[in-house]
file structure.pdb (PDB, C-alpha atoms)
ATOM      1  CA  MET A 764       8.063 -14.166  -6.618
ATOM      2  CA  ALA A 765       4.824 -16.127  -6.624
ATOM      3  CA  CYS A 766       2.882 -12.868  -6.586
ATOM      4  CA  ARG A 767       4.737 -11.626  -9.668
ATOM      5  CA  ARG A 768       4.013 -14.870 -11.530
ATOM      6  CA  LYS A 769       0.348 -14.621 -10.624
ATOM      7  CA  VAL A 770       0.164 -11.007 -11.813
ATOM      8  CA  GLY A 771       1.955 -11.928 -15.038
ATOM      9  CA  PHE A 772      -0.410 -14.834 -15.629
ATOM     10  CA  TRP A 773      -3.531 -12.688 -15.229
ATOM     11  CA  THR A 774      -1.998  -9.915 -17.343
ATOM     12  CA  ARG A 775      -1.300 -12.303 -20.229
ATOM     13  CA  ARG A 776      -4.771 -13.794 -19.899
ATOM     14  CA  PHE A 777      -6.374 -10.350 -19.948
ATOM     15  CA  VAL A 778      -4.404  -9.330 -23.040
ATOM     16  CA  ARG A 779      -5.333 -12.547 -24.863
ATOM     17  CA  ASN A 780      -9.019 -12.164 -24.028
ATOM     18  CA  LEU A 781      -8.962  -8.494 -25.029
ATOM     19  CA  LEU A 782      -7.393  -9.273 -28.387
ATOM     20  CA  ALA A 783      -9.902 -12.079 -28.949
ATOM     21  CA  TRP A 784     -12.872  -9.810 -28.258
ATOM     22  CA  VAL A 785     -11.439  -7.072 -30.483
ATOM     23  CA  ALA A 786     -11.063  -9.592 -33.304
ATOM     24  CA  ILE A 787     -14.632 -10.838 -32.775
ATOM     25  CA  ALA A 788     -16.012  -7.298 -32.794
ATOM     26  CA  PHE A 789     -14.014  -6.481 -35.925
ATOM     27  CA  ALA A 790     -15.409  -9.551 -37.681
ATOM     28  CA  LEU A 791     -19.030  -9.105 -36.566
ATOM     29  CA  PHE A 792     -19.393  -5.347 -37.128
ATOM     30  CA  PRO A 793     -19.919  -5.547 -40.932
ATOM     31  CA  ALA A 794     -22.545  -8.276 -40.497
ATOM     32  CA  VAL A 795     -24.374  -6.288 -37.796
ATOM     33  CA  PHE A 796     -24.185  -3.134 -39.910
ATOM     34  CA  VAL A 797     -25.688  -4.894 -42.953
ATOM     35  CA  LEU A 798     -28.409  -6.439 -40.782
ATOM     36  CA  GLY A 799     -29.309  -3.036 -39.339
ATOM     37  CA  THR A 800     -29.327  -1.465 -42.809
ATOM     38  CA  SER A 801     -31.767  -4.104 -44.063
ATOM     39  CA  PHE A 802     -34.335  -2.946 -41.480
ATOM     40  CA  ASN A 803     -33.888   0.753 -42.282
ATOM     41  CA  PRO A 804     -37.153   1.927 -43.924
ATOM     42  CA  ALA A 805     -35.507   5.110 -45.240
ATOM     43  CA  ASN A 806     -33.557   2.947 -47.718
ATOM     44  CA  ASN A 807     -30.936   5.666 -48.036
ATOM     45  CA  LEU A 808     -27.189   5.458 -47.685
ATOM     46  CA  SER A 809     -26.913   8.762 -45.803
ATOM     47  CA  THR A 810     -29.274   7.579 -43.043
ATOM     48  CA  THR A 811     -27.756   4.133 -42.650
ATOM     49  CA  ARG A 812     -26.736   3.172 -39.098
ATOM     50  CA  VAL A 813     -26.109   0.020 -37.101
ATOM     51  CA  ILE A 814     -29.392   0.280 -35.189
ATOM     52  CA  PRO A 815     -32.159   1.917 -37.269
ATOM     53  CA  ARG A 816     -34.468   4.342 -35.532
ATOM     54  CA  ASN A 817     -37.684   2.871 -36.934
ATOM     55  CA  PRO A 818     -36.963  -0.717 -37.954
ATOM     56  CA  SER A 819     -39.264  -2.157 -40.583
ATOM     57  CA  LEU A 820     -39.640  -5.220 -42.819
ATOM     58  CA  ALA A 821     -40.512  -3.067 -45.835
ATOM     59  CA  ASN A 822     -37.239  -3.848 -47.602
ATOM     60  CA  TYR A 823     -37.811  -7.591 -47.276
ATOM     61  CA  PHE A 824     -41.377  -7.373 -48.602
ATOM     62  CA  GLU A 825     -40.171  -5.242 -51.510
ATOM     63  CA  LEU A 826     -37.410  -7.714 -52.249
ATOM     64  CA  LEU A 827     -39.471 -10.903 -52.053
ATOM     65  CA  PHE A 828     -42.763  -9.810 -53.624
ATOM     66  CA  ARG A 829     -41.971  -6.925 -55.993
ATOM     67  CA  GLN A 830     -38.531  -7.809 -57.296
ATOM     68  CA  PRO A 831     -37.221 -10.869 -59.199
ATOM     69  CA  PHE A 832     -34.973 -11.668 -56.228
ATOM     70  CA  PRO A 833     -36.438 -15.178 -55.592
ATOM     71  CA  THR A 834     -35.625 -16.089 -59.203
ATOM     72  CA  TRP A 835     -32.047 -14.843 -58.822
ATOM     73  CA  LEU A 836     -31.640 -16.735 -55.561
ATOM     74  CA  TRP A 837     -32.937 -19.952 -57.118
ATOM     75  CA  ASN A 838     -30.665 -19.499 -60.144
ATOM     76  CA  SER A 839     -27.621 -19.111 -57.897
ATOM     77  CA  VAL A 840     -28.513 -22.125 -55.764
ATOM     78  CA  LYS A 841     -29.189 -24.202 -58.877
ATOM     79  CA  VAL A 842     -26.032 -23.230 -60.756
ATOM     80  CA  ALA A 843     -23.751 -23.422 -57.705
ATOM     81  CA  GLY A 844     -25.331 -26.659 -56.458
ATOM     82  CA  ILE A 845     -25.134 -28.512 -59.767
ATOM     83  CA  SER A 846     -21.633 -27.224 -60.485
ATOM     84  CA  SER A 847     -20.424 -28.222 -57.014
ATOM     85  CA  PHE A 848     -21.964 -31.681 -57.230
ATOM     86  CA  LEU A 849     -20.457 -32.362 -60.655
ATOM     87  CA  SER A 850     -17.122 -30.946 -59.549
ATOM     88  CA  VAL A 851     -17.031 -33.215 -56.496
ATOM     89  CA  SER A 852     -17.967 -36.239 -58.622
ATOM     90  CA  LEU A 853     -15.335 -35.604 -61.306
ATOM     91  CA  CYS A 854     -12.639 -34.660 -58.795
ATOM     92  CA  ALA A 855     -13.312 -37.821 -56.774
ATOM     93  CA  LEU A 856     -12.850 -40.001 -59.848
ATOM     94  CA  GLY A 857      -9.691 -38.191 -60.919
ATOM     95  CA  ALA A 858      -8.184 -38.038 -57.437
ATOM     96  CA  TYR A 859      -8.821 -41.745 -56.860
ATOM     97  CA  ALA A 860      -7.080 -42.604 -60.121
ATOM     98  CA  PHE A 861      -4.055 -40.446 -59.282
ATOM     99  CA  SER A 862      -3.930 -41.792 -55.730
ATOM    100  CA  ARG A 863      -4.294 -45.520 -56.373
ATOM    101  CA  PHE A 864      -3.143 -46.284 -59.907
ATOM    102  CA  ARG A 865       0.303 -46.037 -61.455
ATOM    103  CA  PHE A 866       0.247 -45.246 -65.168
ATOM    104  CA  SER A 867       2.268 -43.465 -67.802
ATOM    105  CA  GLY A 868       1.876 -39.693 -67.570
ATOM    106  CA  ARG A 869       0.614 -39.710 -63.999
ATOM    107  CA  ARG A 870       3.225 -37.279 -62.681
ATOM    108  CA  VAL A 871       2.923 -35.032 -65.720
ATOM    109  CA  GLY A 872      -0.852 -34.994 -65.316
ATOM    110  CA  LEU A 873      -0.626 -33.952 -61.671
ATOM    111  CA  LEU A 874       1.847 -31.192 -62.437
ATOM    112  CA  THR A 875      -0.292 -30.014 -65.343
ATOM    113  CA  LEU A 876      -3.336 -29.735 -63.099
ATOM    114  CA  LEU A 877      -1.306 -27.666 -60.665
ATOM    115  CA  LEU A 878       0.157 -25.491 -63.413
ATOM    116  CA  VAL A 879      -3.233 -24.721 -64.929
ATOM    117  CA  GLN A 880      -4.396 -23.284 -61.591
ATOM    118  CA  MET A 881      -1.798 -20.525 -61.919
ATOM    119  CA  PHE A 882      -3.891 -18.884 -64.640
ATOM    120  CA  PRO A 883      -7.255 -17.444 -63.504
ATOM    121  CA  GLN A 884     -10.396 -17.918 -65.547
ATOM    122  CA  ALA A 885     -10.609 -14.175 -66.043
ATOM    123  CA  LEU A 886      -7.542 -14.438 -68.262
ATOM    124  CA  GLY A 887      -9.567 -16.409 -70.806
ATOM    125  CA  MET A 888     -12.839 -14.461 -70.678
ATOM    126  CA  VAL A 889     -12.733 -13.533 -74.360
ATOM    127  CA  ALA A 890     -11.938 -17.105 -75.386
ATOM    128  CA  ILE A 891     -14.692 -18.471 -73.107
ATOM    129  CA  PHE A 892     -17.211 -16.005 -74.546
ATOM    130  CA  LEU A 893     -16.348 -16.881 -78.149
ATOM    131  CA  LEU A 894     -16.316 -20.605 -77.373
ATOM    132  CA  LEU A 895     -19.800 -20.536 -75.841
ATOM    133  CA  LYS A 896     -21.030 -18.377 -78.705
ATOM    134  CA  ARG A 897     -19.815 -20.980 -81.199
ATOM    135  CA  ILE A 898     -21.248 -23.853 -79.160
ATOM    136  CA  GLY A 899     -24.588 -22.028 -79.021
ATOM    137  CA  THR A 900     -24.911 -22.091 -82.803
ATOM    138  CA  TYR A 901     -25.027 -25.905 -82.687
ATOM    139  CA  MET A 902     -26.471 -26.472 -79.201
ATOM    140  CA  PRO A 903     -28.450 -23.383 -78.090
ATOM    141  CA  TRP A 904     -29.123 -24.884 -74.652
ATOM    142  CA  LEU A 905     -25.360 -24.905 -73.952
ATOM    143  CA  GLY A 906     -24.366 -21.523 -75.346
ATOM    144  CA  LEU A 907     -24.473 -17.945 -74.124
ATOM    145  CA  ASN A 908     -27.197 -16.842 -71.717
ATOM    146  CA  THR A 909     -27.813 -20.398 -70.504
ATOM    147  CA  HIS A 910     -27.226 -21.926 -67.109
ATOM    148  CA  PRO A 911     -25.779 -25.185 -68.532
ATOM    149  CA  GLY A 912     -23.192 -23.115 -70.403
ATOM    150  CA  LEU A 913     -22.265 -21.270 -67.213
ATOM    151  CA  ILE A 914     -22.009 -24.567 -65.326
ATOM    152  CA  LEU A 915     -19.706 -25.915 -68.032
ATOM    153  CA  VAL A 916     -17.404 -22.914 -67.627
ATOM    154  CA  TYR A 917     -17.388 -23.221 -63.845
ATOM    155  CA  LEU A 918     -16.445 -26.897 -64.041
ATOM    156  CA  GLY A 919     -13.408 -26.109 -66.159
ATOM    157  CA  GLY A 920     -11.868 -23.888 -63.507
ATOM    158  CA  ALA A 921     -12.530 -26.063 -60.469
ATOM    159  CA  LEU A 922     -11.034 -29.465 -61.197
ATOM    160  CA  GLY A 923      -7.317 -28.863 -60.723
ATOM    161  CA  PHE A 924      -6.976 -27.642 -57.136
ATOM    162  CA  ASN A 925      -9.879 -29.743 -55.870
ATOM    163  CA  THR A 926      -8.374 -32.887 -57.394
ATOM    164  CA  TRP A 927      -5.091 -32.229 -55.614
ATOM    165  CA  LEU A 928      -6.837 -31.585 -52.314
ATOM    166  CA  MET A 929      -8.918 -34.737 -52.601
ATOM    167  CA  LYS A 930      -5.938 -36.855 -53.662
ATOM    168  CA  GLY A 931      -4.129 -35.932 -50.446
ATOM    169  CA  TYR A 932      -7.078 -37.239 -48.452
ATOM    170  CA  PHE A 933      -7.332 -40.468 -50.466
ATOM    171  CA  ASP A 934      -3.645 -41.111 -49.783
ATOM    172  CA  THR A 935      -4.448 -41.364 -46.062
ATOM    173  CA  ILE A 936      -6.975 -44.187 -46.568
ATOM    174  CA  PRO A 937      -5.267 -47.606 -46.223
ATOM    175  CA  ARG A 938      -5.111 -49.634 -49.426
ATOM    176  CA  SER A 939      -5.811 -52.804 -47.454
ATOM    177  CA  LEU A 940      -9.496 -51.875 -47.266
ATOM    178  CA  GLU A 941      -9.857 -51.990 -51.045
ATOM    179  CA  GLU A 942      -7.719 -55.088 -51.329
ATOM    180  CA  SER A 943      -9.981 -56.895 -48.865
ATOM    181  CA  ALA A 944     -13.025 -55.908 -50.901
ATOM    182  CA  MET A 945     -11.405 -57.090 -54.127
ATOM    183  CA  VAL A 946     -10.537 -60.420 -52.510
ATOM    184  CA  ASP A 947     -14.267 -60.810 -51.863
ATOM    185  CA  GLY A 948     -14.945 -60.234 -55.555
ATOM    186  CA  ALA A 949     -15.492 -56.474 -55.786
ATOM    187  CA  THR A 950     -14.323 -54.586 -58.868
ATOM    188  CA  PRO A 951     -12.102 -51.485 -58.476
ATOM    189  CA  PHE A 952     -15.105 -49.231 -59.094
ATOM    190  CA  GLN A 953     -17.220 -51.110 -56.556
ATOM    191  CA  ALA A 954     -14.427 -50.767 -53.989
ATOM    192  CA  PHE A 955     -14.283 -47.061 -54.756
ATOM    193  CA  ARG A 956     -18.054 -46.660 -54.521
ATOM    194  CA  TRP A 957     -18.756 -48.699 -51.401
ATOM    195  CA  ILE A 958     -15.483 -48.484 -49.447
ATOM    196  CA  ILE A 959     -13.613 -45.279 -50.332
ATOM    197  CA  LEU A 960     -16.447 -42.784 -50.838
ATOM    198  CA  PRO A 961     -18.106 -43.401 -47.431
ATOM    199  CA  LEU A 962     -14.727 -42.919 -45.742
ATOM    200  CA  ALA A 963     -14.047 -39.780 -47.793
ATOM    201  CA  ARG A 964     -17.290 -37.997 -46.896
ATOM    202  CA  PRO A 965     -15.498 -35.259 -44.902
ATOM    203  CA  ILE A 966     -13.306 -34.161 -47.804
ATOM    204  CA  LEU A 967     -16.243 -34.439 -50.200
ATOM    205  CA  ALA A 968     -18.205 -32.082 -47.943
ATOM    206  CA  VAL A 969     -15.282 -29.645 -47.758
ATOM    207  CA  ILE A 970     -14.864 -29.537 -51.533
ATOM    208  CA  PHE A 971     -18.604 -29.125 -52.029
ATOM    209  CA  VAL A 972     -18.884 -26.237 -49.565
ATOM    210  CA  ILE A 973     -15.793 -24.432 -50.872
ATOM    211  CA  GLN A 974     -16.965 -24.783 -54.446
ATOM    212  CA  PHE A 975     -20.545 -23.803 -53.623
ATOM    213  CA  ILE A 976     -19.553 -20.628 -51.784
ATOM    214  CA  THR A 977     -17.143 -19.610 -54.550
ATOM    215  CA  LEU A 978     -19.684 -20.055 -57.338
ATOM    216  CA  TYR A 979     -22.636 -18.795 -55.302
ATOM    217  CA  SER A 980     -21.086 -15.332 -55.095
ATOM    218  CA  GLU A 981     -19.246 -15.316 -58.457
ATOM    219  CA  TYR A 982     -19.965 -12.177 -60.453
ATOM    220  CA  LEU A 983     -17.495 -11.581 -63.279
ATOM    221  CA  LEU A 984     -18.113 -14.564 -65.562
ATOM    222  CA  ALA A 985     -21.842 -14.672 -64.787
ATOM    223  CA  SER A 986     -22.257 -11.005 -65.731
ATOM    224  CA  ILE A 987     -20.552 -11.636 -69.079
ATOM    225  CA  LEU A 988     -22.290 -14.872 -70.037
ATOM    226  CA  LEU A 989     -25.832 -14.183 -68.775
ATOM    227  CA  LYS A 990     -28.203 -11.576 -70.210
ATOM    228  CA  GLY A 991     -31.751 -10.877 -69.086
ATOM    229  CA  GLU A 992     -33.076 -10.532 -65.553
ATOM    230  CA  LYS A 993     -34.715 -13.973 -65.504
ATOM    231  CA  MET A 994     -31.348 -15.632 -66.143
ATOM    232  CA  TYR A 995     -29.313 -13.591 -63.640
ATOM    233  CA  THR A 996     -27.675 -15.192 -60.647
ATOM    234  CA  LEU A 997     -27.832 -13.531 -57.234
ATOM    235  CA  ALA A 998     -24.591 -11.560 -57.533
ATOM    236  CA  VAL A 999     -25.454 -10.199 -60.989
ATOM    237  CA  GLY A1000     -29.040  -9.367 -60.072
ATOM    238  CA  MET A1001     -28.101  -7.608 -56.845
ATOM    239  CA  ARG A1002     -25.887  -5.256 -58.823
ATOM    240  CA  ILE A1003     -29.035  -3.701 -60.315
ATOM    241  CA  PHE A1004     -30.097  -2.322 -56.937
ATOM    242  CA  ILE A1005     -27.036  -0.108 -56.591
ATOM    243  CA  GLY A1006     -26.188   0.407 -60.248
ATOM    244  CA  GLU A1007     -28.786   2.986 -61.245
ATOM    245  CA  HIS A1008     -29.908   4.005 -57.736
ATOM    246  CA  TYR A1009     -26.643   4.144 -55.861
ATOM    247  CA  ARG A1010     -27.847   6.138 -52.850
ATOM    248  CA  ASP A1011     -31.467   5.109 -52.368
ATOM    249  CA  ARG A1012     -31.542   1.304 -52.719
ATOM    250  CA  TRP A1013     -29.103   0.183 -50.027
ATOM    251  CA  GLY A1014     -31.811  -1.089 -47.704
ATOM    252  CA  ILE A1015     -33.070  -3.543 -50.328
ATOM    253  CA  PHE A1016     -29.497  -4.461 -51.212
ATOM    254  CA  ALA A1017     -28.709  -5.207 -47.568
ATOM    255  CA  ALA A1018     -31.887  -7.281 -47.199
ATOM    256  CA  GLY A1019     -30.842  -9.333 -50.213
ATOM    257  CA  ALA A1020     -27.393  -9.844 -48.722
ATOM    258  CA  VAL A1021     -28.913 -11.103 -45.466
ATOM    259  CA  ILE A1022     -31.214 -13.586 -47.211
ATOM    260  CA  GLY A1023     -28.423 -14.712 -49.519
ATOM    261  CA  ALA A1024     -26.107 -15.317 -46.578
ATOM    262  CA  LEU A1025     -28.696 -17.542 -44.890
ATOM    263  CA  VAL A1026     -28.274 -20.157 -47.640
ATOM    264  CA  VAL A1027     -24.556 -20.451 -46.917
ATOM    265  CA  LEU A1028     -25.166 -20.567 -43.159
ATOM    266  CA  VAL A1029     -27.650 -23.415 -43.556
ATOM    267  CA  ILE A1030     -25.150 -25.435 -45.611
ATOM    268  CA  PHE A1031     -22.379 -24.797 -43.095
ATOM    269  CA  TYR A1032     -24.613 -25.839 -40.215
ATOM    270  CA  ALA A1033     -25.719 -29.018 -41.970
ATOM    271  CA  LEU A1034     -22.175 -30.100 -42.868
ATOM    272  CA  GLN A1035     -20.160 -28.617 -39.994
ATOM    273  CA  SER A1036     -19.013 -31.921 -38.514
ATOM    274  CA  GLN A1037     -17.858 -33.211 -41.903
ATOM    275  CA  ILE A1038     -16.104 -29.923 -42.697
ATOM    276  CA  ILE A1039     -14.089 -29.916 -39.468
ATOM    277  CA  SER A1040     -12.818 -33.467 -39.936
ATOM    278  CA  GLY A1041     -12.287 -32.989 -43.658
ATOM    279  CA  LEU A1042     -10.082 -29.918 -43.278
ATOM    280  CA  THR A1043      -7.660 -31.773 -41.006
ATOM    281  CA  GLY A1044      -8.021 -35.343 -42.269
ATOM    282  CA  GLY A1045      -5.579 -35.032 -45.151
ATOM    283  CA  ALA A1046      -2.905 -33.165 -43.241
ATOM    284  CA  VAL A1047      -0.960 -36.276 -42.172
ATOM    285  CA  LYS A1048      -0.271 -39.183 -44.461
ATOM    286  CA  GLU A1049      -0.337 -42.601 -42.857
TER     287      GLU A1049
END
call {"tool": "encode", "arguments": {"input": "structure.pdb", "output": "structure tokens"}}
result
Amino acid sequence: MACRRKVGFWTRRFVRNLLAWVAIAFALFPAVFVLGTSFNPANNLSTTRVIPRNPSLANYFELLFRQPFPTWLWNSVKVAGISSFLSVSLCALGAYAFSRFRFSGRRVGLLTLLLVQMFPQALGMVAIFLLLKRIGTYMPWLGLNTHPGLILVYLGGALGFNTWLMKGYFDTIPRSLEESAMVDGATPFQAFRWIILPLARPILAVIFVIQFITLYSEYLLASILLKGEKMYTLAVGMRIFIGEHYRDRWGIFAAGAVIGALVVLVIFYALQSQIISGLTGGAVKE
């Protein structure tokens, strides 16, 4: 009997480990394939393989010194970074108000934010295009083919869900902390700034990373609102490599994907501790 239990234990352990390694291999294979393609000097889709025969850095030199890729990368980091920062700031203010204050229309406002998220931004592309075109006639720096205009559009589609997510985290922070600060003479905004925000750093990091990754790789709206290679973001600019030269530019495209992914990896590594605690911090309400 003991022997059967021991055999069953090792069998279950073997199956679990096997499934785990299969899942890891399934997840890592695309990344390894793209990495190998970026070092393929042939730069051809038909000769692409996981491990290139004659690896070379030619695709990276072509990308960094002969293509406007650095400009596209900077545009994406700038647009996604500013949009994420503003989104976190506005969502924090809104979520704090919904979490702490009781006012007329509070429930309707929360439900409206949730309802608006049911409709994707793509549904209003024509309206967004015409709106920015009209705004551009009065404020050219905020119209079509401008990064501030694109940031404005991105902000409109990010506030609802992020506000709900942040509100759930604020609900877990005891009110007594703010009350103690107010007894000492702090205003509600000072209590929010110096007491709540430091405690809410994990959820702020989570919202920032989620928003940054989403906007960093966004293609549809950016391709409609931006014209001209100098204004392109990374996703729009990378499309050029495989648009007109579908079969003979995949090495450069893969090299761009590798460099672009490094930005996200750096952000994840820098904020990993905050992300882990932020994803689970709002799960249970005290």
call {"tool": "atom_distance", "arguments": {"input": "structure.pdb", "atom1": "atom CA of Gln1035 of chain A", "atom2": "atom CA of Ala968 of chain A"}}
result
8.9 Å
call {"tool": "closest_residue", "arguments": {"input": "structure.pdb", "among": "A:Trp773, A:Phe933, A:Phe796, A:Phe866", "to": "Val813 of chain A", "atoms": "all atoms listed in the file"}}
result
A:Phe796
call {"tool": "resolve_selection", "arguments": {"input": "structure.pdb", "expression": "the PyMOL selection byres ((chain A and resi 1002) around 12)", "output": "PyMOL selection string"}}
result
chain A and resi 832+835+980+982-983+985-986+992+995-1001+1003-1009+1012-1013+1015-1017+1019-1020
call {"tool": "closest_residue", "arguments": {"input": "structure.pdb", "among": "A:Pro793, A:Gly844, A:Gly1023, A:Gly906", "to": "Ile970 of chain A", "atoms": "only C-alpha atoms"}}
result
A:Gly844
call {"tool": "residues_around", "arguments": {"input": "structure.pdb", "residues": "segment 938-947 of chain A", "least_positions_apart": "4", "cutoff": "12 Å", "atoms": "only C-alpha atoms", "output": "list in words"}}
result
Tyr859, Ser862, Arg863, Phe864, Phe933, Asp934, Pro951, Phe952, Gln953, Ala954, Phe955, Arg956, Trp957, Ile958, Ile959, Leu960, Leu962 and Glu1049 of chain A
call {"tool": "write_last_selection", "arguments": {"input": "structure.pdb", "atoms": "C-alpha atoms", "output": "mmCIF file, in the coordinates of the input"}}
result
data_model
loop_
_atom_site.group_PDB
_atom_site.id
_atom_site.type_symbol
_atom_site.label_atom_id
_atom_site.label_comp_id
_atom_site.auth_asym_id
_atom_site.auth_seq_id
_atom_site.Cartn_x
_atom_site.Cartn_y
_atom_site.Cartn_z
ATOM 1 C CA TYR A 859 -8.821 -41.745 -56.860
ATOM 2 C CA SER A 862 -3.930 -41.792 -55.730
ATOM 3 C CA ARG A 863 -4.294 -45.520 -56.373
ATOM 4 C CA PHE A 864 -3.143 -46.284 -59.907
ATOM 5 C CA PHE A 933 -7.332 -40.468 -50.466
ATOM 6 C CA ASP A 934 -3.645 -41.111 -49.783
ATOM 7 C CA PRO A 951 -12.102 -51.485 -58.476
ATOM 8 C CA PHE A 952 -15.105 -49.231 -59.094
ATOM 9 C CA GLN A 953 -17.220 -51.110 -56.556
ATOM 10 C CA ALA A 954 -14.427 -50.767 -53.989
ATOM 11 C CA PHE A 955 -14.283 -47.061 -54.756
ATOM 12 C CA ARG A 956 -18.054 -46.660 -54.521
ATOM 13 C CA TRP A 957 -18.756 -48.699 -51.401
ATOM 14 C CA ILE A 958 -15.483 -48.484 -49.447
ATOM 15 C CA ILE A 959 -13.613 -45.279 -50.332
ATOM 16 C CA LEU A 960 -16.447 -42.784 -50.838
ATOM 17 C CA LEU A 962 -14.727 -42.919 -45.742
ATOM 18 C CA GLU A 1049 -0.337 -42.601 -42.857
#
call {"tool": "resolve_selection", "arguments": {"input": "structure.pdb", "expression": "the PyMOL selection byres ((chain A and resi 1018) around 10)", "output": "list in words"}}
result
Val797, Leu798, Gly799, Thr800, Ser801, Phe802, Asn803, Leu820, Ala821, Asn822, Tyr823, Phe824, Glu825, Leu826, Leu827, Trp1013, Gly1014, Ile1015, Phe1016, Ala1017, Gly1019, Ala1020, Val1021, Ile1022, Gly1023 and Ala1024 of chain A
call {"tool": "atom_distance", "arguments": {"input": "structure.pdb", "atom1": "atom CA of Pro937 of chain A", "atom2": "atom CA of Ala963 of chain A"}}
result
11.9 Å
call {"tool": "closest_residue", "arguments": {"input": "structure.pdb", "among": "A:Ala783, A:Pro883, A:Leu877, A:Ile976", "to": "Ile1030 of chain A", "atoms": "all atoms listed in the file"}}
result
A:Ile976
call {"tool": "residues_around", "arguments": {"input": "structure.pdb", "residues": "Ile973 of chain A", "least_positions_apart": "3", "cutoff": "12 Å", "atoms": "all atoms listed in the file", "output": "list in words"}}
result
Ala843, Gly844, Ser846, Ser847, Phe848, Ser850, Val851, Ala921, Phe924, Asn925, Leu928, Ile966, Leu967, Ala968, Val969, Ile970, Ile976, Thr977, Leu978, Tyr979, Ser980, Val1027, Ile1030, Phe1031, Leu1034, Ile1038, Gly1041 and Leu1042 of chain A
call {"tool": "residues_around", "arguments": {"input": "structure.pdb", "residues": "Val879 of chain A", "least_positions_apart": "5", "cutoff": "9 Å", "atoms": "all atoms listed in the file", "output": "ChimeraX atom specification"}}
result
/A:874,920,923
call {"tool": "atom_distance", "arguments": {"input": "structure.pdb", "atom1": "atom CA of Asn838 of chain A", "atom2": "atom CA of Leu989 of chain A"}}
result
11.2 Å
call {"tool": "closest_residue", "arguments": {"input": "structure.pdb", "among": "A:Arg897, A:Pro965, A:Val842, A:Arg776", "to": "Thr909 of chain A", "atoms": "only C-alpha atoms"}}
result
A:Val842
call {"tool": "resolve_selection", "arguments": {"input": "structure.pdb", "expression": "the PyMOL selection byres ((chain A and resi 854) around 8)", "output": "PDB file with C-alpha atoms, keeping the file's coordinate frame"}}
result
ATOM      1  CA  SER A 850     -17.122 -30.946 -59.549  1.00  0.00           C
ATOM      2  CA  VAL A 851     -17.031 -33.215 -56.496  1.00  0.00           C
ATOM      3  CA  SER A 852     -17.967 -36.239 -58.622  1.00  0.00           C
ATOM      4  CA  LEU A 853     -15.335 -35.604 -61.306  1.00  0.00           C
ATOM      5  CA  ALA A 855     -13.312 -37.821 -56.774  1.00  0.00           C
ATOM      6  CA  LEU A 856     -12.850 -40.001 -59.848  1.00  0.00           C
ATOM      7  CA  GLY A 857      -9.691 -38.191 -60.919  1.00  0.00           C
ATOM      8  CA  ALA A 858      -8.184 -38.038 -57.437  1.00  0.00           C
ATOM      9  CA  LEU A 922     -11.034 -29.465 -61.197  1.00  0.00           C
ATOM     10  CA  ASN A 925      -9.879 -29.743 -55.870  1.00  0.00           C
ATOM     11  CA  THR A 926      -8.374 -32.887 -57.394  1.00  0.00           C
ATOM     12  CA  MET A 929      -8.918 -34.737 -52.601  1.00  0.00           C
TER      13      MET A 929
END
call {"tool": "closest_residue", "arguments": {"input": "structure.pdb", "among": "A:His910, A:Arg964, A:Lys990, A:Lys930", "to": "Ser839 of chain A", "atoms": "all atoms listed in the file"}}
result
A:His910
call {"tool": "closest_residue", "arguments": {"input": "structure.pdb", "among": "A:Leu849, A:Ala790, A:Val1029, A:Glu981", "to": "Leu915 of chain A", "atoms": "all atoms listed in the file"}}
result
A:Leu849
call {"tool": "build_atoms", "arguments": {"input": "structure.pdb", "residues": "segment 898-907 of chain A", "atoms": "N, CA and C atoms", "output": "mmCIF file, in the frame of the given file"}}
result
data_model
loop_
_atom_site.group_PDB
_atom_site.id
_atom_site.type_symbol
_atom_site.label_atom_id
_atom_site.label_comp_id
_atom_site.auth_asym_id
_atom_site.auth_seq_id
_atom_site.Cartn_x
_atom_site.Cartn_y
_atom_site.Cartn_z
ATOM 1 N N ILE A 898 -20.485 -22.681 -79.586
ATOM 2 C CA ILE A 898 -21.248 -23.853 -79.160
ATOM 3 C C ILE A 898 -22.747 -23.597 -79.266
ATOM 4 N N GLY A 899 -23.173 -22.362 -78.972
ATOM 5 C CA GLY A 899 -24.588 -22.028 -79.021
ATOM 6 C C GLY A 899 -25.188 -22.111 -80.401
ATOM 7 N N THR A 900 -24.383 -21.970 -81.444
ATOM 8 C CA THR A 900 -24.911 -22.091 -82.803
ATOM 9 C C THR A 900 -25.317 -23.529 -83.124
ATOM 10 N N TYR A 901 -24.710 -24.496 -82.467
ATOM 11 C CA TYR A 901 -25.027 -25.905 -82.687
ATOM 12 C C TYR A 901 -25.919 -26.471 -81.578
ATOM 13 N N MET A 902 -25.678 -26.022 -80.345
ATOM 14 C CA MET A 902 -26.471 -26.472 -79.201
ATOM 15 C C MET A 902 -26.904 -25.244 -78.407
ATOM 16 N N PRO A 903 -28.028 -24.629 -78.761
ATOM 17 C CA PRO A 903 -28.450 -23.383 -78.090
ATOM 18 C C PRO A 903 -28.600 -23.523 -76.584
ATOM 19 N N TRP A 904 -28.922 -24.698 -76.089
ATOM 20 C CA TRP A 904 -29.123 -24.884 -74.652
ATOM 21 C C TRP A 904 -27.810 -24.874 -73.878
ATOM 22 N N LEU A 905 -26.666 -24.882 -74.612
ATOM 23 C CA LEU A 905 -25.360 -24.905 -73.952
ATOM 24 C C LEU A 905 -24.514 -23.695 -74.308
ATOM 25 N N GLY A 906 -25.122 -22.687 -74.904
ATOM 26 C CA GLY A 906 -24.366 -21.523 -75.346
ATOM 27 C C GLY A 906 -24.456 -20.362 -74.372
ATOM 28 N N LEU A 907 -24.382 -19.158 -74.928
ATOM 29 C CA LEU A 907 -24.473 -17.945 -74.124
ATOM 30 C C LEU A 907 -25.872 -17.791 -73.536
#
